[in-house]
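Text of the file structure-v9.csv, holding CSV, C-alpha atoms and all ligand atoms:
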```
chain,number,residue,atom,x,y,z
H,1,MET,CA,9.1,251.1,110.7
H,2,ILE,CA,11.7,249.7,108.2
H,3,PHE,CA,14.8,251.6,107.2
H,4,THR,CA,15.5,250.9,103.5
H,5,SER,CA,17.7,253.6,102.1
H,6,SER,CA,20.9,252.7,100.2
H,7,LYS,CA,22.7,255.8,101.4
H,8,ASP,CA,25.6,255.2,103.8
H,9,ILE,CA,25.6,257.4,106.9
H,10,ILE,CA,28.0,256.5,109.7
H,11,VAL,CA,27.6,258.1,113.1
H,12,ILE,CA,30.7,258.9,115.3
H,13,ALA,CA,29.9,259.8,118.8
H,14,GLY,CA,31.5,260.3,122.2
H,15,ILE,CA,31.3,262.6,125.1
H,16,PRO,CA,32.6,266.2,124.8
H,17,GLY,CA,36.4,266.4,124.8
H,18,VAL,CA,37.0,262.7,124.1
H,19,GLY,CA,38.7,263.6,120.8
H,20,LYS,CA,36.1,262.8,118.1
H,21,THR,CA,36.8,265.7,115.8
H,22,THR,CA,40.6,265.4,116.2
H,23,VAL,CA,40.6,261.7,115.4
H,24,LEU,CA,38.0,261.9,112.6
H,25,GLU,CA,39.7,264.7,110.6
H,26,GLU,CA,42.8,262.5,110.3
H,27,ALA,CA,40.8,259.3,109.7
H,28,ILE,CA,38.9,260.8,106.8
H,29,LYS,CA,42.2,261.7,105.0
H,30,ILE,CA,43.6,258.2,105.5
H,31,ALA,CA,40.4,256.5,104.4
H,32,LYS,CA,40.5,258.6,101.2
H,33,GLU,CA,44.1,257.6,100.5
H,34,LYS,CA,42.9,254.0,100.9
H,35,GLY,CA,40.1,254.5,98.3
H,36,LYS,CA,37.0,255.2,100.5
H,37,GLU,CA,35.8,258.8,100.4
H,38,TYR,CA,33.4,260.3,103.0
H,39,LYS,CA,32.0,263.7,103.5
H,40,LEU,CA,32.6,264.7,107.1
H,41,VAL,CA,29.6,266.6,108.6
H,42,ASN,CA,29.7,268.0,112.2
H,43,PHE,CA,26.1,267.9,113.5
H,44,GLY,CA,27.0,270.7,115.9
H,45,ASP,CA,28.2,272.9,113.0
H,46,ILE,CA,24.9,272.5,111.2
H,47,MET,CA,22.9,273.2,114.4
H,48,PHE,CA,25.1,276.2,115.2
H,49,GLU,CA,24.5,277.7,111.8
H,50,ILE,CA,20.7,277.4,112.4
H,51,ALA,CA,20.8,278.6,116.0
H,52,LYS,CA,23.0,281.6,115.2
H,53,SER,CA,20.9,282.7,112.3
H,54,GLU,CA,17.9,282.7,114.6
H,55,GLY,CA,19.8,284.8,117.1
H,56,LEU,CA,19.6,282.2,119.8
H,57,VAL,CA,23.3,281.8,120.6
H,58,ASN,CA,26.7,283.3,119.9
H,59,HIS,CA,28.8,280.3,120.7
H,60,ARG,CA,28.3,276.6,119.9
H,61,ASP,CA,28.7,275.6,123.6
H,62,GLU,CA,25.6,277.7,124.5
H,63,MET,CA,23.3,275.4,122.5
H,64,ARG,CA,23.0,272.7,125.1
H,65,LYS,CA,21.8,275.3,127.6
H,66,LEU,CA,18.8,276.2,125.4
H,67,ASP,CA,15.4,274.8,126.5
H,68,PRO,CA,15.0,271.2,125.3
H,69,LYS,CA,12.2,272.0,122.9
H,70,THR,CA,14.3,274.6,121.1
H,71,GLN,CA,17.2,272.2,120.9
H,72,LYS,CA,15.0,269.5,119.5
H,73,ASP,CA,13.6,271.8,116.9
H,74,ILE,CA,17.1,272.8,115.7
H,75,GLN,CA,18.2,269.2,115.9
H,76,ARG,CA,15.3,268.1,113.6
H,77,THR,CA,16.1,270.8,111.0
H,78,ALA,CA,19.8,269.9,111.1
H,79,ALA,CA,19.0,266.1,110.6
H,80,LYS,CA,16.9,266.9,107.6
H,81,LYS,CA,19.7,269.0,106.1
H,82,ILE,CA,22.3,266.2,106.7
H,83,SER,CA,19.9,263.6,105.2
H,84,SER,CA,19.5,265.7,102.0
H,85,MET,CA,23.3,265.6,101.6
H,86,ALA,CA,23.5,261.8,101.7
H,87,SER,CA,21.8,261.1,98.4
H,88,GLU,CA,25.1,262.0,96.6
H,89,ARG,CA,27.8,260.5,98.8
H,90,ASN,CA,28.8,258.6,101.9
H,91,ILE,CA,28.6,260.7,105.0
H,92,ILE,CA,30.2,260.6,108.4
H,93,VAL,CA,28.4,262.5,111.1
H,94,ASP,CA,30.4,263.8,114.1
H,95,THR,CA,27.9,264.0,116.9
H,96,HIS,CA,26.7,262.9,120.3
H,97,ILE,CA,24.7,259.9,121.6
H,98,THR,CA,23.3,262.2,124.4
H,99,ILE,CA,23.8,265.8,125.3
H,100,LYS,CA,24.2,266.8,128.9
H,101,THR,CA,21.7,269.7,129.4
H,102,PRO,CA,20.6,271.4,132.6
H,103,ARG,CA,17.3,269.4,132.3
H,104,GLY,CA,19.0,266.0,131.9
H,105,TYR,CA,20.5,263.9,129.1
H,106,LEU,CA,18.9,264.8,125.8
H,107,PRO,CA,19.0,262.1,123.1
H,108,GLY,CA,21.2,263.1,120.1
H,109,LEU,CA,19.5,260.6,117.8
H,110,PRO,CA,15.8,260.4,118.9
H,111,LEU,CA,13.6,258.4,116.6
H,112,TRP,CA,12.9,261.3,114.2
H,113,VAL,CA,16.6,261.9,113.8
H,114,LEU,CA,17.3,258.1,113.2
H,115,GLU,CA,14.5,258.1,110.6
H,116,GLU,CA,16.2,261.0,108.8
H,117,LEU,CA,19.7,259.7,109.0
H,118,GLU,CA,19.2,255.9,108.8
H,119,PRO,CA,22.7,255.2,110.1
H,120,THR,CA,24.3,251.9,109.1
H,121,GLN,CA,27.1,252.1,111.7
H,122,ILE,CA,27.5,253.8,115.1
H,123,ILE,CA,31.0,254.2,116.4
H,124,LEU,CA,31.7,255.2,119.9
H,125,ILE,CA,34.9,257.0,120.7
H,126,GLU,CA,36.0,256.5,124.3
H,127,ALA,CA,38.8,257.3,126.7
H,128,THR,CA,39.2,257.1,130.5
H,129,PRO,CA,37.3,259.7,132.6
H,130,GLU,CA,40.7,261.1,133.7
H,131,GLU,CA,41.9,261.5,130.1
H,132,ILE,CA,38.7,263.2,129.2
H,133,TYR,CA,38.8,265.5,132.2
H,134,THR,CA,42.3,266.6,131.3
H,135,ARG,CA,41.6,267.1,127.6
H,136,ARG,CA,38.6,269.4,128.5
H,137,LYS,CA,40.7,271.4,130.9
H,138,ARG,CA,43.6,271.8,128.4
H,139,ASP,CA,41.4,272.8,125.4
H,140,GLU,CA,40.9,276.6,125.5
H,141,THR,CA,39.1,276.7,122.1
H,142,ARG,CA,35.9,275.6,123.8
H,143,ASN,CA,33.7,276.4,126.8
H,144,ARG,CA,33.5,272.9,128.1
H,145,ASP,CA,31.5,272.1,131.3
H,146,ILE,CA,33.5,271.4,134.4
H,147,GLU,CA,32.4,267.9,135.5
H,148,SER,CA,33.6,265.4,138.1
H,149,LEU,CA,35.2,262.1,137.1
H,150,GLU,CA,32.2,260.3,138.4
H,151,SER,CA,29.9,262.4,136.2
H,152,ILE,CA,32.1,261.8,133.1
H,153,HIS,CA,32.1,258.1,133.9
H,154,PHE,CA,28.3,258.1,134.2
H,155,HIS,CA,27.8,260.0,130.9
H,156,GLN,CA,30.1,257.6,129.0
H,157,SER,CA,28.4,254.5,130.4
H,158,TYR,CA,24.9,255.9,129.9
H,159,ASN,CA,25.8,256.6,126.2
H,160,ARG,CA,26.5,252.9,125.7
H,161,TYR,CA,23.0,252.0,126.8
H,162,VAL,CA,21.5,254.6,124.6
H,163,ALA,CA,23.6,253.6,121.6
H,164,ALA,CA,22.2,250.0,122.1
H,165,SER,CA,18.7,251.4,121.9
H,166,TYR,CA,19.5,253.3,118.7
H,167,SER,CA,21.0,250.1,117.3
H,168,MET,CA,17.8,248.1,118.1
H,169,VAL,CA,15.6,250.7,116.4
H,170,SER,CA,17.8,251.3,113.3
H,171,GLY,CA,19.6,248.1,112.8
H,172,ALA,CA,22.9,250.0,112.8
H,173,THR,CA,26.0,248.1,114.1
H,174,VAL,CA,27.9,249.5,117.1
H,175,ASN,CA,31.6,249.6,117.5
H,176,ARG,CA,34.0,251.3,119.9
H,177,VAL,CA,37.4,253.0,119.3
H,178,ILE,CA,39.6,253.8,122.3
H,179,ASN,CA,41.4,257.2,122.0
H,180,ARG,CA,44.3,256.7,124.5
H,181,GLU,CA,46.3,259.7,125.7
H,182,GLY,CA,49.0,260.6,123.3
H,183,LYS,CA,48.0,257.8,120.9
H,184,ILE,CA,45.8,259.6,118.4
H,185,LEU,CA,47.4,257.8,115.5
H,186,GLN,CA,46.4,254.4,117.0
H,187,ALA,CA,42.8,255.6,117.4
H,188,VAL,CA,42.9,256.9,113.8
H,189,ARG,CA,44.1,253.5,112.5
H,190,ASP,CA,41.4,251.6,114.5
H,191,LEU,CA,38.7,254.0,113.2
H,192,VAL,CA,39.9,253.7,109.5
H,193,GLU,CA,39.7,249.9,109.8
H,194,LEU,CA,36.0,250.3,110.7
H,195,LEU,CA,35.3,252.7,107.8
H,196,MET,CA,36.8,250.6,105.0
B,1,LIG,P1,33.3,268.0,121.4
B,1,LIG,O1,32.3,266.9,121.5
B,1,LIG,O2,33.2,269.0,122.5
B,1,LIG,O3,33.4,268.6,120.0
B,1,LIG,P2,35.6,266.2,120.7
B,1,LIG,O4,35.2,264.9,121.1
B,1,LIG,O5,35.4,266.6,119.3
B,1,LIG,O6,34.8,267.3,121.6
B,1,LIG,P3,38.2,267.2,120.3
B,1,LIG,O7,37.9,268.7,120.2
B,1,LIG,O8,38.6,266.5,119.1
B,1,LIG,O9,37.1,266.5,121.1
B,1,LIG,O10,39.4,267.0,121.3
B,1,LIG,C1,39.5,267.6,122.6
B,1,LIG,C2,40.9,268.0,123.0
B,1,LIG,O11,41.6,266.8,123.3
B,1,LIG,C3,41.7,268.7,121.9
B,1,LIG,O12,42.5,269.7,122.5
B,1,LIG,C4,42.5,267.6,121.3
B,1,LIG,O13,43.7,268.1,120.8
B,1,LIG,C5,42.8,266.7,122.5
B,1,LIG,N1,43.0,265.3,122.2
B,1,LIG,C6,42.3,264.5,121.3
B,1,LIG,N2,42.7,263.2,121.3
B,1,LIG,C7,43.8,263.2,122.1
B,1,LIG,C8,44.7,262.1,122.5
B,1,LIG,N3,44.6,260.9,122.1
B,1,LIG,N4,45.7,262.5,123.4
B,1,LIG,C9,45.8,263.7,123.9
B,1,LIG,N5,45.0,264.8,123.5
B,1,LIG,C10,44.0,264.5,122.7
B,2,LIG,P1,30.2,269.5,119.2
B,2,LIG,O1,31.1,270.4,118.6
B,2,LIG,O2,30.2,268.1,118.7
B,2,LIG,O3,30.4,269.5,120.7
B,2,LIG,O4,28.7,270.1,119.0
B,2,LIG,C1,28.3,271.3,119.5
B,2,LIG,C2,27.0,271.3,120.1
B,2,LIG,O5,26.0,270.9,119.1
B,2,LIG,C3,26.8,270.3,121.2
B,2,LIG,O6,27.3,270.7,122.5
B,2,LIG,C4,25.3,270.1,121.3
B,2,LIG,O7,24.7,271.2,121.9
B,2,LIG,C5,24.9,270.2,119.8
B,2,LIG,N1,24.8,268.9,119.1
B,2,LIG,C6,25.6,268.2,118.4
B,2,LIG,N2,25.1,267.0,118.0
B,2,LIG,C7,23.8,267.0,118.4
B,2,LIG,C8,22.7,266.2,118.3
B,2,LIG,N3,22.7,265.0,117.6
B,2,LIG,N4,21.5,266.5,118.9
B,2,LIG,C9,21.4,267.7,119.6
B,2,LIG,N5,22.4,268.5,119.8
B,2,LIG,C10,23.6,268.2,119.2
B,3,MG,MG,34.2,268.0,118.3
```

Any chance you could give the structure as structure tokens?
Amino acid sequence: MIFTSSKDIIVIAGIPGVGKTTVLEEAIKIAKEKGKEYKLVNFGDIMFEIAKSEGLVNHRDEMRKLDPKTQKDIQRTAAKKISSMASERNIIVDTHITIKTPRGYLPGLPLWVLEELEPTQIILIEATPEEIYTRRKRDETRNRDIESLESIHFHQSYNRYVAASYSMVSGATVNRVINREGKILQAVRDLVELLM
């Protein structure tokens, strides 16, 4: 399989509560000021629209509890939708390397999703397990899973291995941005540098 498209799709990923959406929303504005415009697409938003319209869930945090086959069906439809947006402009996708489900870690970018998106860059947002644990606890806008520090650590490490496998298959480069506690602007600056 050879990925040949000229469209530019960048994947931003990191485990729940690490701060992807917060950092990205700022980074997109600064990148635009510096002359590089991206459309920001949240993969979870697109999946939620589909899942909600099919009466499967009422809240975005219920999706990862659906049976894996249903999640994969919605995921595939969402990937096609995002891919169709990319013919016109550069896109940044806010998503996950893997999703922690009751049945195990589900790949966020299995082969059929990589084939649709053809990402050129994968950027991992990371923080310490302690920081992630606290951010999840503080954030009342979401129904985040309560997880031990050990489990958060495992998920973040596992994502690095899986990102490597996506890189091998797609040719996408992999980078990492650290989102330190109270240092959102530093993370935004580091991310913008990778987007220019
Ligand atoms: P999800 O994958 O579940 O969508 P996310 O990675 O997009 O999560 P956010 O929703 O952006 O995470 O952030 C989670 C919480 O952490 C928010 O309340 C946000 O304000 C806070 N936060 C993000 N970055 C930092 C930081 N550097 N320092 C302190 N708090 C932060
Ligand atoms: P988020 O707001 O990024 O946490 O996304 C909401 C939910 O969407 C996640 O908890 C997952 O259930 C789902 N989701 C997001 N990206 C993907 C993906 N690439 N593959 C499968 N599910 C995803
Ligand atoms: Mg988010």

Sorted by chain and rising residue number, list the residues of chain H at most 7 Å from ligand MG 3 (chain B) (counting only C-alpha atoms and all ligand atoms), each with its closest atom pair and distance in Å to one decimal, as JSON lines.
```
{"residue": "H:Pro16", "atom": "CA", "partner": "B:MG3", "partner_atom": "MG", "distance": 6.9}
{"residue": "H:Gly19", "atom": "CA", "partner": "B:MG3", "partner_atom": "MG", "distance": 6.8}
{"residue": "H:Lys20", "atom": "CA", "partner": "B:MG3", "partner_atom": "MG", "distance": 5.5}
{"residue": "H:Thr21", "atom": "CA", "partner": "B:MG3", "partner_atom": "MG", "distance": 4.3}
```

- Item | Counting all atoms listed in the file, the option among H:Leu114, H:Leu185, H:Ala78, H:Leu195 closest to H:Gly171 |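 For H:Gly171, the nearest of the given residues is H:Leu114.
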
- The distance between atom O1 of ligand LIG 2 (chain B) and atom CA of H:Gln186 is 22.2 Å

- Could I get the residue neighbourhood of ligand LIG 2 (chain B) at 7 Å, counting only C-alpha atoms and all ligand atoms, as JSON, numbers by chain? {"H": [16, 42, 43, 44, 45, 47, 48, 60, 61, 63, 64, 71, 72, 75, 94, 95, 96, 97, 99, 107, 108, 109]}

- Please check which protein, DNA or RNA residues sit within 9 Å of ligand LIG 1 (chain B), counting all atoms listed in the file, and write them as a VMD selection string. chain H and resid 13 to 25 42 44 61 94 to 96 125 127 131 to 132 134 to 144 178 to 187

- For H:Val174, which residue among H:Val11, H:Leu56, H:Ile152, H:Ala79 is the nearest when counting all atoms listed in the file? H:Val11

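Atom CA of H:Ile12 to atom CA of H:Leu194 spans 11.1 Å [interatomic distance, one decimal].
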
- Residue neighbourhood H:Pro68, 10 Å, all atoms listed in the file, exclusion window fewer than 2 positions, as an MDAnalysis selection string: chainID H and resid 63:66 70:74 101:106

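Each of H:Met196, H:Leu149, H:Val188, H:Leu111 was compared to H:Ser167 using all atoms listed in the file, and H:Leu111 turns out to be the nearest.
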
- Message: To one decimal place in Å, what is the distance between atom CA of H:Ile10 and atom CA of H:Ala172?
- Response: 8.8 Å

- Item | Nearest to H:Leu191, chosen from H:Ile123, H:Met168, H:Ile91, H:Val57, with only C-alpha atoms counted in the distances |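 Among the listed residues, H:Ile123 lies closest to H:Leu191.
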
- Query: Given the choices H:Ser165, H:Ser83, H:Ser151, H:Asn159, which gets closest to H:Val113 if the distance is worked out from all atoms listed in the file?
  - Reply: H:Ser83

- Item | Test item: residues at most 10 Å from H:Ser148, all atoms listed in the file, excluding those fewer than 3 positions along its chain, as a PyMOL selection string | chain H and resi 129-130+133+145+151-154
